[in-house]
>>> print(open('coords25.txt').read())   # compact mmCIF, C-alpha atoms
# COMPACT_ATOMS: atom_id res chain seq x y z
CA MET A 1 3.80 19.32 -53.91
CA ASP A 2 1.70 17.12 -56.15
CA TYR A 3 -0.61 19.66 -57.74
CA SER A 4 -2.80 16.91 -59.21
CA ILE A 5 -4.14 16.49 -55.65
CA LEU A 6 -5.76 19.92 -56.00
CA THR A 7 -7.89 19.05 -59.02
CA GLU A 8 -11.63 19.28 -58.47
CA VAL A 9 -12.30 15.55 -58.82
CA ILE A 10 -9.65 14.64 -56.20
CA GLN A 11 -10.76 17.33 -53.76
CA ASN A 12 -14.36 16.13 -54.14
CA PHE A 13 -13.23 12.58 -53.37
CA ILE A 14 -11.41 13.77 -50.22
CA ASN A 15 -14.40 15.76 -49.02
CA GLN A 16 -16.84 12.92 -49.73
CA ASN A 17 -14.69 10.52 -47.67
CA ILE A 18 -13.85 12.90 -44.82
CA THR A 19 -15.35 10.51 -42.24
CA ALA A 20 -14.06 7.32 -43.89
CA ASP A 21 -11.61 4.86 -42.32
CA VAL A 22 -8.38 5.62 -44.20
CA SER A 23 -6.88 2.22 -43.37
CA LYS A 24 -9.82 0.50 -45.09
CA LEU A 25 -9.64 2.81 -48.10
CA ALA A 26 -5.96 1.90 -48.44
CA LEU A 27 -6.99 -1.70 -49.23
CA GLN A 28 -9.14 -0.59 -52.16
CA LYS A 29 -8.00 -0.14 -55.74
CA ASN A 30 -6.87 3.39 -56.60
CA PRO A 31 -9.77 4.97 -58.56
CA PHE A 32 -7.37 7.64 -59.92
CA PRO A 33 -4.49 5.89 -61.72
CA ASN A 34 -2.78 9.19 -62.52
CA VAL A 35 -2.60 10.22 -58.85
CA ASN A 36 -0.38 8.70 -56.16
CA TRP A 37 -2.83 6.73 -53.98
CA THR A 38 -0.63 6.93 -50.88
CA GLU A 39 -0.30 10.72 -51.18
CA LEU A 40 -4.06 11.11 -51.71
CA LEU A 41 -4.81 9.09 -48.58
CA GLN A 42 -2.23 11.09 -46.61
CA GLN A 43 -4.08 14.25 -47.62
CA LEU A 44 -7.36 12.73 -46.44
CA ALA A 45 -5.90 11.59 -43.10
CA ALA A 46 -4.31 14.98 -42.48
CA LYS A 47 -7.51 16.85 -43.32
CA GLN A 48 -9.47 14.61 -40.95
CA LYS A 49 -7.04 15.55 -38.18
CA ALA A 50 -7.39 19.24 -39.07
CA GLU A 51 -11.17 19.35 -38.67
CA THR A 52 -11.16 20.20 -34.97
CA LYS A 53 -7.55 21.29 -34.53
CA LEU A 54 -7.27 23.61 -37.55
CA PRO A 55 -10.83 24.62 -38.53
CA THR A 56 -9.67 27.59 -40.64
CA TRP A 57 -7.58 25.29 -42.85
CA PHE A 58 -10.27 22.59 -42.88
CA GLN A 59 -12.94 25.02 -44.04
CA THR A 60 -10.78 26.66 -46.73
CA HIS A 61 -11.03 25.41 -50.31
CA ASN A 62 -8.06 23.55 -51.85
CA ILE A 63 -5.70 23.43 -48.89
CA TYR A 64 -2.68 21.19 -49.35
CA TYR A 65 -1.64 19.27 -46.24
CA PRO A 66 1.74 17.90 -45.14
CA SER A 67 1.78 14.50 -43.44
CA LYS A 68 -0.77 13.61 -40.75
CA VAL A 69 2.11 13.57 -38.24
CA SER A 70 2.98 17.18 -39.13
CA VAL A 71 -0.62 18.21 -38.50
CA GLU A 72 -0.61 16.34 -35.18
CA GLN A 73 2.60 18.08 -34.08
CA THR A 74 1.66 21.62 -35.08
CA SER A 75 0.03 24.14 -32.76
CA SER A 76 -3.75 24.14 -32.60
CA GLU A 77 -5.47 27.32 -33.70
CA LYS A 78 -6.59 27.96 -30.12
CA THR A 79 -3.05 27.91 -28.73
CA ALA A 80 -1.73 29.83 -31.78
CA LYS A 81 -4.27 32.60 -31.21
CA PHE A 82 -3.38 32.72 -27.52
CA LYS A 83 0.37 33.06 -28.07
CA SER A 84 -0.13 35.71 -30.78
CA GLU A 85 -1.86 37.92 -28.20
CA LEU A 86 1.28 37.94 -26.05
CA VAL A 87 3.28 39.83 -28.70
CA SER A 88 2.88 42.66 -31.21
CA GLY A 89 4.86 45.07 -33.35
CA GLU A 90 5.96 45.80 -36.89
CA ALA A 91 7.91 42.66 -37.78
CA LEU A 92 8.34 39.09 -36.49
CA ILE A 93 10.40 36.23 -37.86
CA ASP A 94 9.50 32.61 -37.16
CA LEU A 95 12.72 30.60 -37.34
CA SER A 96 10.91 27.24 -37.26
CA GLY A 97 7.91 27.94 -39.47
CA GLY A 98 6.51 24.44 -39.88
CA PHE A 99 2.93 24.33 -41.18
CA GLY A 100 2.51 28.03 -40.40
CA VAL A 101 -0.38 27.90 -37.94
CA ASP A 102 1.30 30.21 -35.44
CA ASP A 103 2.26 32.62 -38.22
CA LEU A 104 -1.30 33.01 -39.46
CA TYR A 105 -2.16 34.44 -36.05
CA PHE A 106 1.08 36.42 -35.67
CA ALA A 107 0.13 38.08 -38.96
CA LYS A 108 -2.88 39.59 -37.19
CA GLN A 109 -0.57 41.31 -34.67
CA PHE A 110 2.32 42.35 -36.96
CA LYS A 111 2.55 44.25 -40.22
CA GLN A 112 5.04 41.71 -41.59
CA VAL A 113 5.78 38.11 -40.62
CA THR A 114 8.66 36.06 -42.05
CA HIS A 115 8.12 32.29 -42.15
CA CYS A 116 11.48 30.51 -42.25
CA GLU A 117 11.43 26.76 -42.93
CA VAL A 118 14.44 24.58 -43.74
CA ASP A 119 12.27 21.95 -45.51
CA GLU A 120 11.89 23.32 -49.03
CA GLN A 121 8.81 21.24 -49.85
CA LEU A 122 7.02 22.26 -46.64
CA SER A 123 7.90 25.91 -47.32
CA GLU A 124 6.28 25.60 -50.76
CA ILE A 125 3.15 24.04 -49.25
CA VAL A 126 2.84 26.80 -46.65
CA ARG A 127 3.37 29.55 -49.22
CA TYR A 128 0.63 28.07 -51.38
CA ASN A 129 -1.77 27.65 -48.42
CA PHE A 130 -1.32 31.26 -47.30
CA SER A 131 -2.42 32.35 -50.77
CA GLN A 132 -5.54 30.19 -50.39
CA LEU A 133 -6.12 31.71 -46.95
CA LYS A 134 -5.85 35.21 -48.50
CA VAL A 135 -2.96 36.23 -46.23
CA SER A 136 -0.61 38.73 -47.87
CA ASN A 137 1.72 39.88 -45.07
CA ILE A 138 3.65 36.61 -44.56
CA ASN A 139 6.89 36.12 -46.47
CA CYS A 140 7.94 32.45 -46.79
CA ILE A 141 11.67 31.74 -47.02
CA SER A 142 13.14 28.26 -47.41
CA GLY A 143 16.50 27.71 -45.77
CA ASP A 144 18.51 27.46 -42.59
CA SER A 145 17.30 30.02 -40.04
CA GLU A 146 20.78 31.23 -39.05
CA THR A 147 21.78 31.75 -42.67
CA THR A 148 18.48 33.51 -43.34
CA LEU A 149 19.00 35.97 -40.49
CA GLN A 150 22.52 36.76 -41.72
CA LYS A 151 21.28 37.33 -45.27
CA LEU A 152 18.33 39.50 -44.29
CA GLN A 153 20.32 41.70 -41.87
CA THR A 154 16.98 43.02 -40.55
CA LYS A 155 15.95 44.09 -37.07
CA PHE A 156 12.78 42.35 -35.91
CA ASP A 157 10.51 43.26 -33.02
CA TRP A 158 10.30 39.57 -32.17
CA ILE A 159 11.98 36.28 -33.00
CA TYR A 160 9.81 33.21 -32.48
CA ILE A 161 11.32 29.75 -32.41
CA ASP A 162 10.14 26.22 -31.68
CA PRO A 163 13.35 24.17 -31.42
CA SER A 164 13.21 20.64 -32.78
CA ARG A 165 13.29 18.08 -30.00
CA ARG A 166 14.76 15.44 -32.27
CA ASN A 167 18.53 15.62 -32.57
CA GLU A 168 20.11 13.83 -35.55
CA THR A 169 22.74 12.18 -33.32
CA LYS A 170 20.97 11.92 -29.96
CA GLY A 171 17.43 11.08 -31.08
CA LYS A 172 14.58 12.50 -28.97
CA VAL A 173 15.96 15.01 -26.46
CA PHE A 174 14.61 17.06 -23.56
CA MET A 175 17.26 19.67 -22.73
CA LEU A 176 17.24 22.92 -24.72
CA LYS A 177 20.96 22.66 -25.42
CA ASP A 178 20.33 19.33 -27.21
CA CYS A 179 17.51 20.67 -29.40
CA LEU A 180 18.01 22.02 -32.91
CA PRO A 181 18.90 24.80 -33.00
CA ASN A 182 20.75 25.11 -29.69
CA VAL A 183 18.94 28.25 -28.46
CA PRO A 184 20.96 28.79 -25.24
CA GLU A 185 24.16 28.80 -27.29
CA LYS A 186 22.75 31.12 -29.97
CA LEU A 187 21.07 33.75 -27.75
CA ASP A 188 23.77 36.37 -28.35
CA PHE A 189 23.52 35.76 -32.09
CA TYR A 190 19.73 36.22 -32.01
CA PHE A 191 20.08 39.43 -29.97
CA ASN A 192 21.87 40.95 -32.97
CA PHE A 193 18.50 40.93 -34.72
CA THR A 194 15.98 41.51 -31.94
CA SER A 195 15.52 42.41 -28.29
CA ASN A 196 12.59 40.05 -27.78
CA ILE A 197 12.44 36.28 -28.23
CA MET A 198 9.58 33.85 -27.69
CA ILE A 199 10.59 30.18 -27.40
CA LYS A 200 8.00 27.41 -27.55
CA THR A 201 8.92 24.18 -25.79
CA ALA A 202 7.14 20.94 -24.99
CA PRO A 203 5.41 20.58 -21.59
CA ILE A 204 7.88 17.89 -20.58
CA LEU A 205 10.69 20.45 -20.20
CA ASP A 206 11.37 21.10 -16.52
CA ILE A 207 10.99 24.79 -15.67
CA SER A 208 14.00 24.86 -13.34
CA ALA A 209 16.16 23.13 -15.95
CA GLY A 210 15.06 25.59 -18.63
CA LEU A 211 15.83 28.57 -16.42
CA ASN A 212 19.27 27.15 -15.71
CA GLU A 213 19.96 26.95 -19.45
CA LEU A 214 18.52 30.31 -20.47
CA ARG A 215 18.99 33.90 -19.28
CA ASN A 216 17.02 37.15 -19.42
CA VAL A 217 13.76 35.22 -19.00
CA LYS A 218 11.01 37.74 -18.35
CA ALA A 219 8.10 35.31 -18.20
CA ILE A 220 7.11 31.71 -18.75
CA HIS A 221 3.57 31.04 -19.92
CA ILE A 222 2.25 27.53 -19.36
CA VAL A 223 -0.55 26.89 -21.84
CA ALA A 224 -3.12 24.14 -21.27
CA LEU A 225 -6.04 23.40 -23.56
CA GLU A 226 -9.06 21.85 -21.84
CA ASN A 227 -6.83 20.94 -18.87
CA GLU A 228 -4.06 19.32 -20.92
CA VAL A 229 -0.75 21.19 -20.96
CA LYS A 230 0.26 21.74 -24.59
CA GLU A 231 3.27 24.06 -24.52
CA LEU A 232 5.55 26.33 -22.52
CA LEU A 233 6.23 29.82 -23.90
CA TRP A 234 9.48 31.45 -22.73
CA ILE A 235 9.56 35.24 -23.09
CA ILE A 236 13.15 36.51 -23.25
CA GLU A 237 14.08 40.19 -23.24
CA LYS A 238 17.62 41.22 -24.11
CA ASP A 239 18.35 43.39 -21.07
CA TRP A 240 15.92 41.81 -18.60
CA LYS A 241 17.48 41.53 -15.13
CA GLU A 242 14.35 41.37 -12.96
CA LYS A 243 12.50 38.36 -11.55
CA THR A 244 10.78 35.80 -13.80
CA GLU A 245 6.99 35.65 -13.79
CA ILE A 246 5.26 32.29 -14.13
CA VAL A 247 1.74 32.39 -15.58
CA ALA A 248 -0.39 29.26 -15.89
CA HIS A 249 -3.27 29.45 -18.39
CA ASN A 250 -6.03 26.93 -18.98
CA LEU A 251 -7.91 27.59 -22.23
CA SER A 252 -11.42 26.15 -22.28
CA LYS A 253 -14.43 26.62 -24.52
CA ASP A 254 -15.99 29.47 -22.58
CA LYS A 255 -13.09 31.10 -20.72
CA THR A 256 -9.39 31.22 -19.92
CA ASP A 257 -8.22 30.80 -16.33
CA SER A 258 -4.86 32.42 -15.59
CA PHE A 259 -2.80 32.21 -12.42
CA GLY A 260 0.54 33.96 -11.99
CA PHE A 261 3.31 34.29 -9.44
CA GLU A 262 6.94 35.31 -9.13
CA TRP A 263 9.46 32.49 -9.53
CA ASN A 264 11.67 31.83 -6.49
CA LEU A 265 9.70 34.19 -4.25
CA THR A 266 8.74 32.14 -1.19
CA VAL A 267 5.28 32.34 0.36
CA GLU A 268 3.87 30.35 3.25
CA ALA A 269 0.94 27.99 2.76
CA ASP A 270 -1.73 27.45 5.38
CA PHE A 271 -2.36 23.80 6.29
CA GLY A 272 -5.43 22.15 7.73
CA ASN A 273 -7.79 19.18 7.76
CA PRO A 274 -10.51 18.72 5.11
CA GLU A 275 -13.43 21.14 5.49
CA GLN A 276 -16.58 21.54 3.36
CA TYR A 277 -14.99 21.95 -0.09
CA LEU A 278 -12.06 20.41 -1.95
CA TYR A 279 -10.05 22.09 -4.73
CA GLU A 280 -7.82 20.42 -7.32
CA PRO A 281 -5.68 22.84 -9.42
CA ASN A 282 -5.84 22.62 -13.21
CA ALA A 283 -3.02 20.98 -15.17
CA ALA A 284 -1.27 24.27 -16.02
CA ILE A 285 -1.02 25.25 -12.36
CA MET A 286 0.20 21.77 -11.47
CA LYS A 287 2.97 22.17 -14.06
CA SER A 288 3.89 25.60 -12.65
CA GLY A 289 4.77 24.24 -9.21
CA GLY A 290 3.19 27.25 -7.49
CA PHE A 291 1.52 25.11 -4.86
CA ASP A 292 2.08 27.35 -1.83
CA TRP A 293 1.01 30.39 -3.90
CA ILE A 294 -2.42 28.78 -4.37
CA SER A 295 -2.95 28.61 -0.63
CA ALA A 296 -1.74 32.19 -0.14
CA LYS A 297 -3.64 33.81 -3.04
CA PHE A 298 -6.97 32.01 -2.58
CA LYS A 299 -6.76 31.77 1.21
CA LEU A 300 -7.18 28.00 1.10
CA LYS A 301 -5.81 25.38 3.46
CA LYS A 302 -3.50 22.78 2.01
CA LEU A 303 -4.09 19.18 3.11
CA HIS A 304 -0.40 18.22 3.12
CA PRO A 305 2.88 19.69 1.77
CA HIS A 306 2.95 17.04 -0.98
CA SER A 307 -0.75 16.41 -1.68
CA HIS A 308 -1.48 19.61 -3.67
CA LEU A 309 -5.13 19.47 -2.70
CA TYR A 310 -6.84 22.39 -0.96
CA THR A 311 -9.87 22.93 1.22
CA SER A 312 -12.13 25.65 2.62
CA GLU A 313 -15.27 26.05 4.69
CA SER A 314 -16.85 28.48 2.19
CA LEU A 315 -17.08 27.96 -1.58
CA ILE A 316 -14.86 30.13 -3.82
CA GLU A 317 -14.18 30.43 -7.56
CA PHE A 318 -11.10 28.43 -8.40
CA PRO A 319 -8.99 27.61 -11.50
CA GLY A 320 -9.49 23.86 -11.42
CA ARG A 321 -11.96 21.22 -10.27
CA VAL A 322 -14.14 21.94 -7.22
CA PHE A 323 -15.90 19.34 -5.07
CA LYS A 324 -18.22 19.16 -2.08
CA ILE A 325 -16.75 16.80 0.53
CA ASP A 326 -19.53 14.40 1.52
CA GLN A 327 -17.60 11.97 3.72
CA ILE A 328 -14.10 11.37 5.06
CA LEU A 329 -12.85 7.81 5.52
CA PHE A 330 -9.67 6.52 7.08
CA TYR A 331 -7.84 4.09 4.84
CA ASN A 332 -8.54 0.89 6.80
CA LYS A 333 -10.64 -2.22 6.29
CA LEU A 334 -13.45 -1.01 8.51
CA ASP A 335 -13.99 2.29 6.70
CA MET A 336 -13.19 0.98 3.22
CA LYS A 337 -15.97 -1.61 3.35
CA HIS A 338 -18.31 1.25 2.30
CA LEU A 339 -16.56 1.38 -1.09
CA ILE A 340 -16.14 -2.34 -1.85
CA GLY A 341 -17.90 -3.17 -5.11
CA GLN A 342 -19.13 0.41 -5.57
CA LYS A 343 -18.74 2.65 -8.63
CA ALA A 344 -16.48 5.70 -8.22
CA ASN A 345 -13.98 7.98 -9.94
CA ILE A 346 -10.60 7.66 -8.26
CA THR A 347 -7.75 10.16 -7.88
CA ALA A 348 -4.63 9.28 -5.87
CA ARG A 349 -2.45 12.16 -4.63
CA ASN A 350 0.50 11.65 -2.27
CA PHE A 351 -0.71 8.11 -1.68
CA PRO A 352 1.29 4.83 -1.65
CA ASP A 353 -1.09 2.88 -3.92
CA SER A 354 -1.80 3.58 -7.59
CA VAL A 355 -5.34 4.06 -8.91
CA GLU A 356 -5.13 0.66 -10.61
CA ASN A 357 -4.11 -1.09 -7.40
CA ILE A 358 -6.81 0.68 -5.39
CA ARG A 359 -9.49 -0.47 -7.84
CA LYS A 360 -8.23 -4.03 -7.81
CA LYS A 361 -7.80 -4.22 -4.04
CA TRP A 362 -11.25 -2.86 -3.15
CA LYS A 363 -13.13 -4.00 -6.28
CA ILE A 364 -14.18 -0.44 -7.11
CA LYS A 365 -15.80 0.02 -10.53
CA ASP A 366 -14.97 3.02 -12.71
CA GLY A 367 -17.46 5.86 -13.25
CA GLY A 368 -20.52 7.19 -11.50
CA ASN A 369 -21.13 10.45 -9.65
CA CYS A 370 -18.90 9.74 -6.66
CA TYR A 371 -15.40 11.25 -6.84
CA THR A 372 -12.88 9.78 -4.41
CA PHE A 373 -9.52 11.26 -3.46
CA PHE A 374 -7.03 8.89 -1.85
CA THR A 375 -4.47 11.11 -0.15
CA THR A 376 -2.51 11.94 3.01
CA ASP A 377 -3.62 14.58 5.51
CA ILE A 378 -1.54 17.03 7.53
CA ASN A 379 -1.18 14.44 10.33
CA ASN A 380 0.21 11.90 7.81
CA HIS A 381 -2.92 9.77 8.03
CA LYS A 382 -4.00 7.97 4.85
CA ILE A 383 -7.53 9.19 4.12
CA VAL A 384 -10.22 8.89 1.43
CA LEU A 385 -12.42 11.86 0.58
CA LEU A 386 -15.80 11.02 -0.94
CA CYS A 387 -16.95 13.99 -2.95
CA SER A 388 -19.59 15.37 -5.29
CA LYS A 389 -18.36 17.43 -8.24
CA LEU A 390 -19.63 21.02 -8.41
>>> encode(input="coords25.txt", output="C-alpha cells")
Amino acid sequence: MDYSILTEVIQNFINQNITADVSKLALQKNPFPNVNWTELLQQLAAKQKAETKLPTWFQTHNIYYPSKVSVEQTSSEKTAKFKSELVSGEALIDLSGGFGVDDLYFAKQFKQVTHCEVDEQLSEIVRYNFSQLKVSNINCISGDSETTLQKLQTKFDWIYIDPSRRNETKGKVFMLKDCLPNVPEKLDFYFNFTSNIMIKTAPILDISAGLNELRNVKAIHIVALENEVKELLWIIEKDWKEKTEIVAHNLSKDKTDSFGFEWNLTVEADFGNPEQYLYEPNAAIMKSGGFDWISAKFKLKKLHPHSHLYTSESLIEFPGRVFKIDQILFYNKLDMKHLIGQKANITARNFPDSVENIRKKWKIKDGGNCYTFFTTDINNHKIVLLCSKL
C-alpha cells in the first residue's frame, strides 16, 4: 500500500475528478511529484467502478482500492448480500478472500469471519479497509489457504471458496479440477474443518459438468442481477445423499424472482400453438435448464421442445419477460413483407437465421415498441410472433 494516496490532498483530488476521463488525465503532468501518478490514477479508475457496484466502499472515507480489474472481478454488493443470506452460524472462513466484499456481508451473519488471501499486499489493503468500514469481526490472514487451515486447526460452520479460473500452466480454465485450488480433489481435506461448503463459480461452468466433478451437492443457486447471470453458488453438505435442488434467482431493483426444481427429476411439458400471451424465462432460469418444469409449474404451453418460449390464453405472473401476441406470421416472403423496412426488436429462438442476418435480409431497423420472436412452432413451422411488451 502507498499510504501517501490516503492524504487529504490526494483524496480530494480523486473525489474532485470522480467523473473525469482517466485516460485523458494520464496525459497530463503529475501535479503531485511525491506520489506515483500511475497508482493515483488506478485508485481513481477503481473508485469510479465502485460507485454503482460497491456503494458502501465508494461512500466511505479514505478507502484504498486494488486495481480496477480487481474491482471489476469482485462480487457486487447486491450479490454478496444475497449469498450471505443463504448461510449463517458462529464462524466462516473465506479461502479466497479477494477484496473482501462477500466477507463484509458474511460478517452480518456470523460472529467471526476469517478472510484468507494469498496476496500479501491485497490482504493488507482489505485489513485496512475493514477498519475504515468499522467492521471488527473479520480476521485477515495472508497466506496459502490450505496452510492456513492446517495452522488454525479450527472447526468452521462454513467454508466459502471462489476458485481462481486462471491456472498458471493452463491459462484460463473452465473445469473445477483445473481451477486453483482444485476443489474436487480437496473436498475430503476441507471436510476435516467443516460440514458445509459454499463454492462460487462463474456462470460459464456447465451444471452437469460441475455435478460430475463434485459430490454431496445439496443445492445450486444460479444468481442473476438485472437478468444477467453473475455466479453459480454450490452448496455442499458433508453427508448429503439426497437429490440436488436447482434454484434460479433474478435480483432486480424492486424484487427477487426465484424458481426451483429437483435436478434429474423428469416432468412432462405441455405443448401447443401460440395463444394470447408469450413468456420468455429470465436468464437465471435459462441457465438452469429447467425448461419442462416451467411448463409444469406455471401450467403454460411450450411452443417447441427446443424453443424455450411459452404461451397461455390467460395472463399470469411470470419470472421473465411477458408479451401480448398481436400477430402471427409464417416465415415466407408474402407474410414478411409486413416487416420490411420497419422498426422492431428481434429475438431468435430455435431459428436457422441469426438476428443480424434477419435484420439484413428484411431491412428491419432496431428499436421501437414492436417485439418480434423468430422461432419454430410445435409443427416445425418457422413463424414470427409480433408482440407488445407488458
>>> atom_distance(input="coords25.txt", atom1="CA of Ile378 (chain A)", atom2="CA of Lys302 (chain A)")
8.2 Å
>>> residues_around(input="coords25.txt", residues="Ala80 (chain A)", least_positions_apart="4", cutoff="7 Å", atoms="all atoms listed in the file", output="PDB file with C-alpha atoms, in the frame of the given file")
ATOM      1  CA  SER A  75       0.030  24.140 -32.760  1.00  0.00           C
ATOM      2  CA  SER A  76      -3.750  24.140 -32.600  1.00  0.00           C
ATOM      3  CA  SER A  84      -0.130  35.710 -30.780  1.00  0.00           C
ATOM      4  CA  VAL A 101      -0.380  27.900 -37.940  1.00  0.00           C
ATOM      5  CA  ASP A 102       1.300  30.210 -35.440  1.00  0.00           C
ATOM      6  CA  TYR A 105      -2.160  34.440 -36.050  1.00  0.00           C
TER       7      TYR A 105
END
>>> closest_residue(input="coords25.txt", among="A:Glu226, A:Asp366, A:Glu356, A:Glu275", to="Cys387 (chain A)", atoms="all atoms listed in the file")
A:Glu275
>>> atom_distance(input="coords25.txt", atom1="CA of Asp157 (chain A)", atom2="CA of Phe106 (chain A)")
11.9 Å
>>> closest_residue(input="coords25.txt", among="A:Val217, A:Asn182, A:Met336, A:Lys255", to="Lys241 (chain A)", atoms="all atoms listed in the file")
A:Val217
>>> residues_near_point(input="coords25.txt", point="(3.5, 26.0, -9.0)", cutoff="10 Å", atoms="only C-alpha atoms", output="list in words")
Ile246, Val247, Ala248, Phe259, Gly260, Phe261, Glu262, Trp263, Pro281, Ala284, Ile285, Met286, Lys287, Ser288, Gly289, Gly290, Phe291, Asp292, Trp293, Ile294 and His308 of chain A
>>> atom_distance(input="coords25.txt", atom1="CA of Ser295 (chain A)", atom2="CA of Ala269 (chain A)")
5.2 Å
>>> closest_residue(input="coords25.txt", among="A:Leu309, A:Val113, A:Ile220, A:Leu95", to="Phe374 (chain A)", atoms="all atoms listed in the file")
A:Leu309
>>> closest_residue(input="coords25.txt", among="A:His338, A:Lys24, A:Arg165, A:Lys200", to="Lys230 (chain A)", atoms="all atoms listed in the file")
A:Lys200
>>> closest_residue(input="coords25.txt", among="A:Leu233, A:Leu225, A:Leu25, A:Ala219", to="Ile199 (chain A)", atoms="all atoms listed in the file")
A:Leu233
>>> residues_around(input="coords25.txt", residues="Tyr65 (chain A)", least_positions_apart="2", cutoff="10 Å", atoms="all atoms listed in the file", output="ChimeraX atom specification")
/A:1,39,42-47,50,57-58,62-63,67-68,70-71,99,122,125-126,129
